[in-house]
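Engineer: This is the content of entry02.tsv (TSV, C-alpha atoms and all ligand atoms):
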chain	number	residue	atom	x	y	z
A	1	MET	CA	85.11	-18.95	8.41
A	2	SER	CA	82.74	-19.12	11.37
A	3	ILE	CA	81.56	-22.48	12.58
A	4	ASP	CA	77.93	-23.53	12.99
A	5	PHE	CA	78.45	-25.59	16.12
A	6	GLN	CA	75.01	-27.22	15.87
A	7	ASN	CA	76.08	-29.01	12.68
A	8	TYR	CA	78.84	-30.80	14.53
A	9	LEU	CA	76.79	-32.15	17.40
A	10	SER	CA	75.24	-35.61	17.53
A	11	THR	CA	71.53	-35.55	16.74
A	12	THR	CA	70.85	-38.02	19.55
A	13	ALA	CA	72.74	-35.98	22.12
A	14	LYS	CA	71.11	-32.74	20.98
A	15	GLY	CA	67.69	-34.35	21.23
A	16	LEU	CA	68.03	-35.25	24.94
A	17	GLU	CA	65.68	-33.33	27.22
A	18	PRO	CA	67.56	-31.46	29.99
A	19	SER	CA	66.80	-32.79	33.48
A	20	GLY	CA	63.82	-31.03	35.05
A	21	ILE	CA	65.51	-31.36	38.44
A	22	ARG	CA	68.59	-29.28	37.66
A	23	LYS	CA	66.53	-26.28	36.64
A	24	PHE	CA	65.02	-25.98	40.13
A	25	PHE	CA	68.32	-26.70	41.84
A	26	ASP	CA	69.97	-23.83	40.02
A	27	LEU	CA	67.14	-21.43	40.78
A	28	ALA	CA	67.06	-22.43	44.48
A	29	ALA	CA	70.85	-22.10	44.75
A	30	SER	CA	70.64	-18.47	43.63
A	31	MET	CA	68.23	-17.57	46.48
A	32	GLU	CA	68.78	-17.11	50.20
A	33	ASP	CA	67.09	-18.89	53.11
A	34	VAL	CA	65.71	-21.65	50.90
A	35	ILE	CA	64.87	-25.03	52.46
A	36	SER	CA	65.60	-27.59	49.83
A	37	LEU	CA	63.49	-30.71	49.64
A	38	GLY	CA	64.68	-30.99	46.09
A	39	VAL	CA	67.87	-32.97	46.39
A	40	GLY	CA	68.14	-36.70	45.87
A	41	GLU	CA	70.98	-37.34	48.26
A	42	PRO	CA	71.45	-38.10	51.95
A	43	ASP	CA	71.94	-35.15	54.32
A	44	PHE	CA	74.33	-37.33	56.33
A	45	VAL	CA	78.07	-37.23	55.86
A	46	THR	CA	79.65	-40.62	55.09
A	47	PRO	CA	80.39	-42.44	58.40
A	48	TRP	CA	83.85	-41.55	59.70
A	49	ASN	CA	85.36	-45.03	59.64
A	50	ILE	CA	84.67	-45.24	55.89
A	51	ARG	CA	86.21	-41.82	55.25
A	52	GLU	CA	89.20	-42.77	57.38
A	53	ALA	CA	89.74	-45.98	55.40
A	54	ALA	CA	89.95	-43.97	52.17
A	55	ILE	CA	92.33	-41.46	53.80
A	56	GLU	CA	94.54	-44.32	54.97
A	57	ALA	CA	94.47	-45.83	51.48
A	58	LEU	CA	95.78	-42.57	50.06
A	59	LYS	CA	98.39	-42.26	52.81
A	60	ASP	CA	99.54	-45.78	52.04
A	61	GLY	CA	100.05	-44.82	48.42
A	62	HIS	CA	97.21	-46.76	46.78
A	63	THR	CA	97.19	-44.55	43.73
A	64	SER	CA	97.37	-47.02	40.82
A	65	TYR	CA	94.64	-48.59	38.66
A	66	THR	CA	92.78	-51.63	39.91
A	67	ALA	CA	91.50	-54.48	37.72
A	68	ASN	CA	88.85	-53.16	35.32
A	69	ALA	CA	86.07	-54.88	37.26
A	70	GLY	CA	87.40	-53.40	40.52
A	71	LEU	CA	89.52	-54.64	43.42
A	72	LEU	CA	88.93	-58.35	43.83
A	73	GLU	CA	88.75	-57.86	47.61
A	74	LEU	CA	85.90	-55.37	47.17
A	75	ARG	CA	84.08	-57.65	44.72
A	76	GLN	CA	84.36	-60.41	47.29
A	77	GLU	CA	82.76	-58.15	49.90
A	78	ILE	CA	80.03	-57.13	47.44
A	79	SER	CA	79.33	-60.78	46.70
A	80	LYS	CA	79.02	-61.52	50.44
A	81	TYR	CA	76.83	-58.44	50.95
A	82	LEU	CA	74.46	-59.50	48.16
A	83	LYS	CA	74.25	-63.01	49.59
A	84	ARG	CA	73.79	-61.84	53.18
A	85	ASN	CA	71.22	-59.11	52.52
A	86	PHE	CA	69.41	-60.17	49.38
A	87	GLN	CA	69.93	-63.95	49.09
A	88	THR	CA	71.51	-63.64	45.66
A	89	SER	CA	74.65	-65.51	44.73
A	90	TYR	CA	77.32	-63.98	42.46
A	91	GLN	CA	80.93	-65.05	41.96
A	92	PRO	CA	83.29	-62.16	42.75
A	93	GLU	CA	85.78	-63.22	40.04
A	94	ASP	CA	83.52	-62.89	37.02
A	95	GLN	CA	80.03	-61.75	38.01
A	96	VAL	CA	80.54	-58.38	39.69
A	97	ILE	CA	81.79	-55.00	38.40
A	98	VAL	CA	82.55	-51.98	40.58
A	99	THR	CA	81.41	-48.90	38.65
A	100	VAL	CA	81.49	-45.12	38.91
A	101	GLY	CA	78.12	-44.84	40.65
A	102	ALA	CA	75.00	-46.84	39.90
A	103	SER	CA	74.64	-44.33	37.05
A	104	GLN	CA	77.49	-45.97	35.21
A	105	SER	CA	76.13	-49.45	35.94
A	106	LEU	CA	72.93	-48.41	34.19
A	107	ASP	CA	74.89	-47.04	31.25
A	108	LEU	CA	76.94	-50.22	30.93
A	109	ALA	CA	73.88	-52.45	31.17
A	110	PHE	CA	72.06	-50.68	28.35
A	111	ARG	CA	75.12	-50.45	26.14
A	112	ALA	CA	75.76	-54.14	26.61
A	113	ILE	CA	72.28	-55.41	25.78
A	114	LEU	CA	70.71	-52.97	23.32
A	115	ASN	CA	70.78	-53.07	19.53
A	116	PRO	CA	69.42	-50.07	17.61
A	117	GLY	CA	65.66	-49.93	17.97
A	118	ASP	CA	65.42	-52.36	20.91
A	119	GLU	CA	62.73	-51.27	23.31
A	120	VAL	CA	63.06	-50.93	27.07
A	121	LEU	CA	59.98	-50.56	29.24
A	122	ILE	CA	60.31	-47.76	31.76
A	123	ILE	CA	57.78	-47.41	34.53
A	124	GLU	CA	56.95	-43.78	35.20
A	125	PRO	CA	57.16	-41.61	37.23
A	126	ALA	CA	60.83	-42.59	36.94
A	127	PHE	CA	64.36	-41.46	37.74
A	128	VAL	CA	65.29	-38.86	35.12
A	129	SER	CA	68.33	-40.67	33.70
A	130	TYR	CA	66.62	-43.82	32.45
A	131	THR	CA	65.15	-42.62	29.17
A	132	ALA	CA	68.30	-40.66	28.31
A	133	LEU	CA	70.58	-43.65	28.96
A	134	VAL	CA	68.42	-46.01	26.89
A	135	THR	CA	68.37	-43.48	24.05
A	136	LEU	CA	72.15	-42.93	24.18
A	137	ALA	CA	72.64	-46.71	23.96
A	138	GLY	CA	70.58	-46.74	20.74
A	139	GLY	CA	67.45	-48.15	22.35
A	140	VAL	CA	63.92	-46.83	22.49
A	141	PRO	CA	62.40	-46.04	25.89
A	142	ILE	CA	58.75	-47.09	26.13
A	143	ARG	CA	57.03	-45.32	28.99
A	144	ILE	CA	54.38	-46.98	31.11
A	145	ALA	CA	52.39	-44.63	33.34
A	146	THR	CA	51.53	-45.63	36.90
A	147	TYR	CA	49.17	-43.88	39.29
A	148	ALA	CA	48.69	-43.15	43.00
A	149	GLU	CA	45.52	-45.31	43.05
A	150	ASN	CA	47.78	-48.33	42.59
A	151	ASP	CA	50.62	-46.96	44.75
A	152	PHE	CA	52.54	-46.15	41.54
A	153	LYS	CA	53.05	-49.87	40.88
A	154	VAL	CA	52.98	-51.37	37.42
A	155	THR	CA	50.57	-54.24	36.78
A	156	PRO	CA	51.30	-57.35	34.66
A	157	LYS	CA	48.44	-56.26	32.41
A	158	GLN	CA	50.12	-52.92	31.73
A	159	LEU	CA	53.40	-54.67	30.93
A	160	GLU	CA	51.64	-57.11	28.57
A	161	ALA	CA	50.02	-54.21	26.77
A	162	ALA	CA	53.37	-52.45	26.23
A	163	ILE	CA	55.36	-55.47	25.02
A	164	THR	CA	56.12	-55.74	21.29
A	165	ASP	CA	58.46	-57.98	19.31
A	166	ARG	CA	61.13	-55.28	19.80
A	167	THR	CA	60.96	-55.32	23.60
A	168	LYS	CA	64.30	-56.35	25.07
A	169	ALA	CA	64.10	-55.46	28.73
A	170	ILE	CA	62.09	-54.02	31.58
A	171	LEU	CA	63.70	-51.52	33.91
A	172	LEU	CA	62.56	-51.89	37.50
A	173	CYS	CA	63.32	-49.48	40.32
A	174	SER	CA	62.24	-50.48	43.80
A	175	PRO	CA	62.15	-48.63	46.17
A	176	SER	CA	61.40	-46.01	43.56
A	177	ASN	CA	62.74	-42.57	42.95
A	178	PRO	CA	60.54	-40.41	42.87
A	179	THR	CA	57.53	-42.17	44.41
A	180	GLY	CA	59.14	-44.30	47.14
A	181	SER	CA	56.91	-47.15	46.02
A	182	CYS	CA	58.20	-50.69	46.70
A	183	LEU	CA	57.46	-53.91	44.84
A	184	ASN	CA	57.06	-56.86	47.21
A	185	ARG	CA	57.87	-60.51	46.52
A	186	ALA	CA	54.37	-61.32	45.27
A	187	GLU	CA	54.34	-58.36	42.87
A	188	LEU	CA	57.83	-59.17	41.59
A	189	THR	CA	56.75	-62.78	41.06
A	190	GLU	CA	53.86	-61.62	38.88
A	191	ILE	CA	56.23	-59.46	36.85
A	192	ALA	CA	58.60	-62.43	36.56
A	193	GLN	CA	55.86	-64.47	34.90
A	194	VAL	CA	55.51	-61.82	32.19
A	195	VAL	CA	59.30	-61.62	31.79
A	196	ASP	CA	59.53	-65.37	31.37
A	197	LYS	CA	56.59	-65.62	28.99
A	198	HIS	CA	58.02	-62.96	26.67
A	199	ASP	CA	61.66	-64.01	27.03
A	200	LEU	CA	62.81	-60.61	28.35
A	201	LEU	CA	65.62	-59.26	30.52
A	202	VAL	CA	65.25	-57.10	33.61
A	203	VAL	CA	67.59	-54.32	34.65
A	204	THR	CA	66.83	-53.84	38.32
A	205	ASP	CA	67.92	-50.61	40.00
A	206	GLU	CA	68.13	-51.48	43.70
A	207	ILE	CA	70.07	-48.40	44.82
A	208	TYR	CA	67.50	-47.70	47.59
A	209	ALA	CA	67.36	-51.30	48.86
A	210	GLU	CA	68.84	-50.33	52.25
A	211	LEU	CA	66.07	-47.78	52.73
A	212	SER	CA	62.95	-49.96	53.02
A	213	TYR	CA	60.61	-49.26	55.92
A	214	ASP	CA	57.52	-51.45	55.90
A	215	GLU	CA	58.29	-54.71	54.14
A	216	GLU	CA	61.49	-56.67	53.78
A	217	PHE	CA	63.26	-55.74	50.56
A	218	THR	CA	63.26	-58.42	47.85
A	219	SER	CA	65.78	-58.38	45.02
A	220	PHE	CA	64.38	-59.22	41.60
A	221	ALA	CA	67.36	-61.54	41.02
A	222	ALA	CA	66.17	-63.68	43.95
A	223	ILE	CA	62.80	-64.43	42.35
A	224	PRO	CA	62.82	-68.06	41.15
A	225	GLY	CA	63.77	-68.36	37.48
A	226	MET	CA	64.91	-64.72	37.16
A	227	TYR	CA	68.62	-64.96	37.99
A	228	ASP	CA	69.73	-65.49	34.36
A	229	ARG	CA	67.45	-62.74	33.12
A	230	THR	CA	68.56	-60.06	35.59
A	231	ILE	CA	71.21	-57.37	35.64
A	232	LEU	CA	71.27	-56.21	39.25
A	233	ILE	CA	72.39	-52.66	40.00
A	234	ASN	CA	73.16	-51.24	43.40
A	235	GLY	CA	75.71	-48.92	44.98
A	236	PHE	CA	76.97	-46.96	47.94
A	237	SER	CA	75.41	-43.55	47.30
A	238	LYS	CA	72.14	-43.73	49.19
A	239	GLY	CA	72.20	-46.32	51.99
A	240	PHE	CA	75.80	-45.56	52.95
A	241	ALA	CA	75.57	-41.77	52.37
A	242	MET	CA	78.35	-41.83	49.76
A	243	THR	CA	76.97	-39.93	46.75
A	244	GLY	CA	80.14	-37.93	46.11
A	245	TRP	CA	82.30	-41.04	46.11
A	246	ARG	CA	80.73	-42.12	42.83
A	247	LEU	CA	80.81	-45.83	43.58
A	248	GLY	CA	78.25	-48.38	42.47
A	249	PHE	CA	78.25	-51.97	41.35
A	250	LEU	CA	76.42	-54.41	39.18
A	251	ALA	CA	76.06	-58.18	39.27
A	252	ALA	CA	74.84	-60.40	36.46
A	253	PRO	CA	75.36	-63.71	34.63
A	254	ARG	CA	78.99	-63.89	33.48
A	255	GLU	CA	78.06	-63.72	29.78
A	256	PHE	CA	76.76	-60.17	30.35
A	257	ILE	CA	79.64	-59.22	32.63
A	258	GLN	CA	82.24	-60.20	30.01
A	259	VAL	CA	80.78	-57.74	27.51
A	260	MET	CA	80.32	-55.00	30.09
A	261	VAL	CA	83.92	-55.31	31.31
A	262	LYS	CA	85.03	-54.93	27.69
A	263	ILE	CA	83.08	-51.66	27.34
A	264	TYR	CA	84.30	-50.50	30.75
A	265	GLN	CA	87.97	-51.08	29.98
A	266	PHE	CA	87.76	-48.79	26.97
A	267	THR	CA	85.60	-46.10	28.55
A	268	THR	CA	86.66	-45.81	32.19
A	269	MET	CA	89.35	-48.41	33.10
A	270	CYS	CA	88.27	-48.67	36.73
A	271	ALA	CA	86.68	-46.83	39.64
A	272	PRO	CA	89.03	-44.75	41.86
A	273	THR	CA	91.31	-47.08	43.82
A	274	MET	CA	91.50	-45.27	47.18
A	275	LEU	CA	87.72	-44.93	47.24
A	276	GLN	CA	87.24	-48.62	46.50
A	277	LEU	CA	89.37	-49.27	49.59
A	278	GLY	CA	87.06	-46.99	51.58
A	279	ALA	CA	84.06	-48.89	50.26
A	280	LEU	CA	85.55	-52.11	51.61
A	281	GLU	CA	85.20	-50.61	55.08
A	282	ALA	CA	81.60	-49.60	54.28
A	283	LEU	CA	80.64	-53.20	53.59
A	284	ARG	CA	82.63	-54.65	56.46
A	285	ASN	CA	81.90	-52.27	59.31
A	286	SER	CA	78.95	-49.95	58.90
A	287	THR	CA	75.81	-52.04	59.45
A	288	GLU	CA	74.95	-50.11	62.62
A	289	GLN	CA	75.44	-46.66	61.08
A	290	VAL	CA	73.41	-47.61	58.02
A	291	GLU	CA	70.61	-48.87	60.27
A	292	LYS	CA	70.72	-45.64	62.31
A	293	MET	CA	70.33	-43.54	59.16
A	294	ARG	CA	67.47	-45.77	58.03
A	295	GLN	CA	65.71	-45.18	61.35
A	296	HIS	CA	66.06	-41.42	60.89
A	297	TYR	CA	64.59	-41.58	57.39
A	298	TRP	CA	61.78	-43.81	58.62
A	299	ARG	CA	60.79	-41.31	61.34
A	300	ARG	CA	60.98	-38.44	58.86
A	301	ARG	CA	58.88	-40.39	56.35
A	302	ASN	CA	56.14	-40.80	58.94
A	303	PHE	CA	56.34	-37.10	59.87
A	304	MET	CA	56.14	-36.00	56.22
A	305	VAL	CA	53.18	-38.19	55.31
A	306	GLN	CA	51.25	-37.09	58.42
A	307	SER	CA	52.05	-33.42	57.91
A	308	LEU	CA	51.11	-33.41	54.23
A	309	ARG	CA	47.80	-35.09	55.01
A	310	LYS	CA	47.15	-32.55	57.76
A	311	ILE	CA	47.78	-29.79	55.24
A	312	GLY	CA	45.11	-31.47	53.12
A	313	LEU	CA	47.29	-32.91	50.36
A	314	ASP	CA	46.69	-36.54	49.36
A	315	CYS	CA	49.82	-38.56	49.89
A	316	HIS	CA	50.33	-42.30	49.50
A	317	THR	CA	52.69	-43.88	52.04
A	318	PRO	CA	56.02	-44.54	50.34
A	319	GLY	CA	57.55	-47.82	51.53
A	320	GLY	CA	61.15	-46.82	50.85
A	321	ALA	CA	63.81	-44.39	49.54
A	322	PHE	CA	63.70	-40.82	50.95
A	323	TYR	CA	60.92	-39.18	48.95
A	324	VAL	CA	57.24	-38.42	49.39
A	325	PHE	CA	55.16	-37.75	46.31
A	326	PRO	CA	51.99	-35.89	47.34
A	327	SER	CA	49.25	-34.82	44.96
A	328	ILE	CA	48.81	-31.09	44.47
A	329	GLN	CA	45.87	-31.53	42.08
A	330	LYS	CA	43.35	-29.93	44.44
A	331	THR	CA	45.25	-26.63	44.28
A	332	GLY	CA	44.42	-26.28	40.58
A	333	LEU	CA	48.06	-25.50	39.76
A	334	THR	CA	50.28	-27.56	37.50
A	335	SER	CA	53.21	-29.17	39.28
A	336	GLU	CA	55.61	-26.66	37.71
A	337	GLN	CA	53.46	-23.70	38.75
A	338	PHE	CA	53.18	-25.11	42.27
A	339	ALA	CA	56.94	-25.67	42.60
A	340	ALA	CA	57.83	-22.26	41.13
A	341	ARG	CA	55.38	-20.35	43.34
A	342	LEU	CA	56.30	-22.32	46.46
A	343	LEU	CA	59.93	-21.42	45.86
A	344	GLN	CA	59.18	-17.74	45.24
A	345	GLU	CA	56.57	-17.23	47.95
A	346	GLU	CA	57.75	-19.56	50.73
A	347	LYS	CA	61.32	-20.42	49.78
A	348	VAL	CA	60.87	-24.18	49.78
A	349	ALA	CA	62.38	-26.09	46.85
A	350	VAL	CA	60.62	-29.24	45.66
A	351	VAL	CA	60.71	-30.96	42.26
A	352	PRO	CA	57.64	-30.82	40.01
A	353	GLY	CA	56.35	-34.34	39.36
A	354	ASN	CA	56.31	-33.92	35.59
A	355	ALA	CA	60.14	-33.96	35.67
A	356	PHE	CA	59.73	-37.74	36.13
A	357	GLY	CA	57.32	-38.32	33.25
A	358	ASP	CA	53.82	-37.28	32.24
A	359	SER	CA	52.11	-39.37	34.91
A	360	GLY	CA	54.00	-37.33	37.51
A	361	GLU	CA	51.97	-34.25	36.55
A	362	GLY	CA	49.81	-33.15	39.48
A	363	TYR	CA	52.42	-34.26	42.04
A	364	ILE	CA	55.56	-32.88	43.62
A	365	ARG	CA	58.57	-34.77	44.90
A	366	CYS	CA	59.73	-33.79	48.37
A	367	SER	CA	62.94	-35.33	49.61
A	368	TYR	CA	63.14	-35.88	53.36
A	369	ALA	CA	66.90	-36.16	53.34
A	370	ALA	CA	66.96	-33.07	55.58
A	371	SER	CA	66.94	-32.61	59.37
A	372	ILE	CA	63.61	-32.95	61.16
A	373	GLU	CA	63.90	-29.28	62.21
A	374	GLN	CA	64.22	-28.23	58.59
A	375	LEU	CA	61.36	-30.51	57.61
A	376	GLU	CA	59.14	-28.97	60.30
A	377	ILE	CA	59.75	-25.47	58.99
A	378	ALA	CA	59.27	-26.63	55.40
A	379	MET	CA	55.93	-28.21	56.31
A	380	GLN	CA	54.75	-25.02	58.02
A	381	ARG	CA	55.65	-23.05	54.91
A	382	ILE	CA	53.96	-25.54	52.56
A	383	GLY	CA	50.88	-25.50	54.80
A	384	ARG	CA	50.75	-21.69	54.66
A	385	PHE	CA	51.20	-21.72	50.89
A	386	VAL	CA	48.42	-24.26	50.29
A	387	LYS	CA	46.10	-22.26	52.59
A	388	SER	CA	46.83	-19.08	50.69
A	389	LEU	CA	45.83	-20.84	47.47
A	390	GLU	CA	42.57	-22.01	49.05
A	391	THR	CA	41.78	-18.47	50.12
A	392	THR	CA	42.43	-17.16	46.61
A	393	GLN	CA	40.25	-19.91	45.14
A	394	GLU	CA	37.41	-18.95	47.51
A	395	ASN	CA	37.63	-15.27	46.64
A	401	LIG	N1	69.14	-44.78	40.40
A	401	LIG	C1	68.27	-44.01	41.07
A	401	LIG	C2	66.86	-44.45	41.17
A	401	LIG	C3	68.69	-42.82	41.67
A	401	LIG	O1	67.81	-42.06	42.35
A	401	LIG	C4	70.04	-42.42	41.55
A	401	LIG	C5	70.57	-41.14	42.15
A	401	LIG	N2	69.68	-40.12	42.29
A	401	LIG	C6	70.90	-43.26	40.83
A	401	LIG	C7	70.43	-44.42	40.28
A	401	LIG	C8	72.34	-42.90	40.64
A	401	LIG	O2	73.09	-43.22	41.75
A	401	LIG	P1	74.67	-43.04	41.81
A	401	LIG	O3	74.94	-41.87	42.69
A	401	LIG	O4	75.15	-44.32	42.45
A	401	LIG	O5	75.17	-42.89	40.44
Go ahead and express the file in the form of structure tokens.
Structural biologist:
Amino acid sequence: MSIDFQNYLSTTAKGLEPSGIRKFFDLAASMEDVISLGVGEPDFVTPWNIREAAIEALKDGHTSYTANAGLLELRQEISKYLKRNFQTSYQPEDQVIVTVGASQSLDLAFRAILNPGDEVLIIEPAFVSYTALVTLAGGVPIRIATYAENDFKVTPKQLEAAITDRTKAILLCSPSNPTGSCLNRAELTEIAQVVDKHDLLVVTDEIYAELSYDEEFTSFAAIPGMYDRTILINGFSKGFAMTGWRLGFLAAPREFIQVMVKIYQFTTMCAPTMLQLGALEALRNSTEQVEKMRQHYWRRRNFMVQSLRKIGLDCHTPGGAFYVFPSIQKTGLTSEQFAARLLQEEKVAVVPGNAFGDSGEGYIRCSYAASIEQLEIAMQRIGRFVKSLETTQEN
């Protein structure tokens, strides 16, 4: 008897929308001479001393499991790092978990706090995984649209309007993927007042914290009164150029951590041991390299914003991460049409803004995690493409 595979699949899993980013990646990968501004990962290789530490760990035979929450030594370093850089205080013994990427921290956080039907406010344009992870954990993602006029920042009024008696948490991401927008202390404090008033939690994705250019980064957990309401997520992927290592971490009140460790021990056991030993080196001895990479991104950010404006595309100045999010509305194309034609006609891969939610329509995400030489060529090509559209419009 033949099987109808669809009958055996989970309705929730089947219902997930495929990531709009992957589609363009796959298309770009099948073409030659493409400059990709599509990827969300550093173009730098992990600093050598960090790689060497992991190699040494393997050579020394560190091939067993660690504690579920991760090597205590690494949690101690994470705790110091959070204190030193973000003025937040977490006990390494029972308030920190080392996870398989920030992705898994997000998954754990939602699984630990959500009951079926609980709502999580997601500020869009947003990282593609958020709505899927909330849905998989049984929650309901509630999307709040933000716009370039307000630098893609959510206002307390918008949050108030979206809150219901089912709202459990707000997900914050600053600096943001895809807009690069950053929430400063004053803005976070305003959000905190809403959180407090409605007795909510905040899951704060601070994976781009190291890549802030204009204002000092503020962690949501450091806002007075918010410590007990915050699950803080960060990791090594972006600032330390360690995406392939799949190492992240989360810090939270111990009551949350206890439940998350329980889930983690059944689903994953622990993050890879030899890589955790490499990450120790990242936190101990890479401040200078991280700062050097930040300087590169900062210069590229300035170049990208200037070039896009010269081309005639409106572009807000992103305060962090490694993305610019210019408007392509004046071209009359949808963001998907723009991205598809730019790839075909000029061989530059960008991500259409609608991949990050409806309010991303009319924008494209360009990553500047590429060499300045590549960015220069990409900007020439984008300039030529936009000009060709203007000429066609005139005709
Ligand atoms: N959060 C955001 C906002 C991201 O952009 C990404 C990666 N693109 C992640 C989380 C996941 O990071 P990791 O590689 O640590 O899983």
Engineer: Go through chain A and flag each residue having an atom no more than 6 Å from ligand LIG 401 (chain A); for those, report the closest pair of atoms plus their distance in Å to one decimal, using all atoms listed in the file, ordered by chain and rising number, as a tab-separated table.
Structural biologist:
residue	atom	partner	partner_atom	distance
A:Gly40	CA	A:LIG401	N2	5.2
A:Gly101	CA	A:LIG401	O4	3.5
A:Ala102	CA	A:LIG401	O4	3.6
A:Ser103	CA	A:LIG401	O5	3.7
A:Phe127	CA	A:LIG401	C2	5.2
A:Asn177	CA	A:LIG401	C2	4.9
A:Asp205	CA	A:LIG401	N1	6.0
A:Ile207	CA	A:LIG401	N1	5.8
A:Gly235	CA	A:LIG401	O4	5.3
A:Ser237	CA	A:LIG401	O4	4.9
A:Thr243	CA	A:LIG401	O3	4.9
A:Arg246	CA	A:LIG401	O3	5.8
A:Leu247	CA	A:LIG401	O4	6.0
A:Gly248	CA	A:LIG401	O4	5.1
Engineer: Can you write out as a Markdown table which residues of region 166-259 of chain A fall within 7 Å of region 323-331 of chain A, alongside each residue's closest atom pair and its distance in Å to one decimal, counting only C-alpha atoms and ordering rows by chain and ascending residue number?
Structural biologist:
| residue | atom | partner | partner_atom | distance |
| --- | --- | --- | --- | --- |
| A:Pro178 | CA | A:Tyr323 | CA | 6.2 |
| A:Thr179 | CA | A:Phe325 | CA | 5.4 |
| A:Gly180 | CA | A:Tyr323 | CA | 5.7 |
Engineer: Could you tell me how far CA of Cys270 (chain A) sits from CA of Ser64 (chain A), in Å to one decimal place?
Structural biologist: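 Those two atoms sit 10.1 Å apart.
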Engineer: Identify which of the residues A:Leu342, A:Leu280, A:Ala271, A:Val120 lies closest to Thr66 (chain A), counting only C-alpha atoms when measuring atom-to-atom distances.
Structural biologist: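 Closest to Thr66 (chain A), using only C-alpha atoms: A:Ala271.
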Engineer: Quick one: everything within 8 Å of Phe256 (chain A), counting only C-alpha atoms, minus sequence neighbours fewer than 4 positions away in the same chain. Send it as a ChimeraX atom specification.
Structural biologist: /A:112-113,252,260
Engineer: Could you tell me how far CA of Ala126 (chain A) sits from CA of Glu361 (chain A), in Å to one decimal place?
Structural biologist: 12.2 Å
Engineer: Counting all atoms listed in the file, figure out which residue out of A:Phe240, A:Tyr297, A:Tyr147, A:Tyr130 gets nearest to Glu281 (chain A).
Structural biologist: A:Phe240
Engineer: Nearest residue to Ala109 (chain A) out of A:Val194, A:Ala221, A:Ile257, A:Leu37, using only C-alpha atoms?
Structural biologist: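 Smallest separation from Ala109 (chain A) among the options: A:Ile257.
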Engineer: Could you state the separation of CA of Gln258 (chain A) and CA of Leu133 (chain A) in Å, given to one decimal place?
Structural biologist: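 Between these atoms lies a distance of 20.3 Å.
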Engineer: Which residues are near Tyr90 (chain A)? Cut-off 10 Å, all atoms listed in the file, ignore same chain within fewer than 4 positions. Put them as a PyMOL selection string.
Structural biologist: chain A and resi 75-76+78-80+82-83+94-96+227+251-254
Engineer: Using all atoms listed in the file, which of A:Leu313, A:Leu250, A:Leu172, A:Phe5 sits nearest Thr204 (chain A)?
Structural biologist: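 Smallest distance to Thr204 (chain A) is found for A:Leu172.
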Engineer: Which of these residues is nearest to Ile123 (chain A), using all atoms listed in the file: A:Pro47, A:Gly61, A:Gly353, A:Pro141?
Structural biologist: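 Smallest separation from Ile123 (chain A) among the options: A:Pro141.
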Engineer: So that I can check the surroundings of Leu136 (chain A), please list as a list of chain:residue names every protein, DNA and RNA residue that reaches within 9 Å of it, counting only C-alpha atoms and ignoring chain neighbours fewer than 4 positions away.
Structural biologist: A:Thr12, A:Ala13, A:Leu16, A:Asp107, A:Phe110, A:Arg111, A:Thr131, A:Ala132
Engineer: Take region 286-296 of chain A, bring it up to N, CA and C atoms, and give me the output as a compact mmCIF listing (two decimals), in the coordinates of the input.
Structural biologist:
# COMPACT_ATOMS: atom_id res chain seq x y z
N SER A 286 79.82 -51.12 58.73
CA SER A 286 78.95 -49.95 58.90
C SER A 286 77.47 -50.34 59.05
N THR A 287 77.22 -51.60 59.34
CA THR A 287 75.81 -52.04 59.45
C THR A 287 75.05 -51.17 60.44
N GLU A 288 75.67 -50.88 61.58
CA GLU A 288 74.95 -50.11 62.62
C GLU A 288 74.66 -48.69 62.16
N GLN A 289 75.67 -48.05 61.53
CA GLN A 289 75.44 -46.66 61.08
C GLN A 289 74.36 -46.60 60.00
N VAL A 290 74.41 -47.59 59.10
CA VAL A 290 73.41 -47.61 58.02
C VAL A 290 72.01 -47.77 58.63
N GLU A 291 71.91 -48.65 59.62
CA GLU A 291 70.61 -48.87 60.27
C GLU A 291 70.15 -47.59 60.99
N LYS A 292 71.08 -46.88 61.61
CA LYS A 292 70.72 -45.64 62.31
C LYS A 292 70.15 -44.62 61.32
N MET A 293 70.81 -44.49 60.17
CA MET A 293 70.33 -43.54 59.16
C MET A 293 68.95 -43.96 58.67
N ARG A 294 68.77 -45.28 58.48
CA ARG A 294 67.47 -45.77 58.03
C ARG A 294 66.37 -45.40 59.02
N GLN A 295 66.69 -45.53 60.31
CA GLN A 295 65.71 -45.18 61.35
C GLN A 295 65.32 -43.70 61.27
N HIS A 296 66.33 -42.86 61.03
CA HIS A 296 66.06 -41.42 60.89
C HIS A 296 65.12 -41.18 59.72
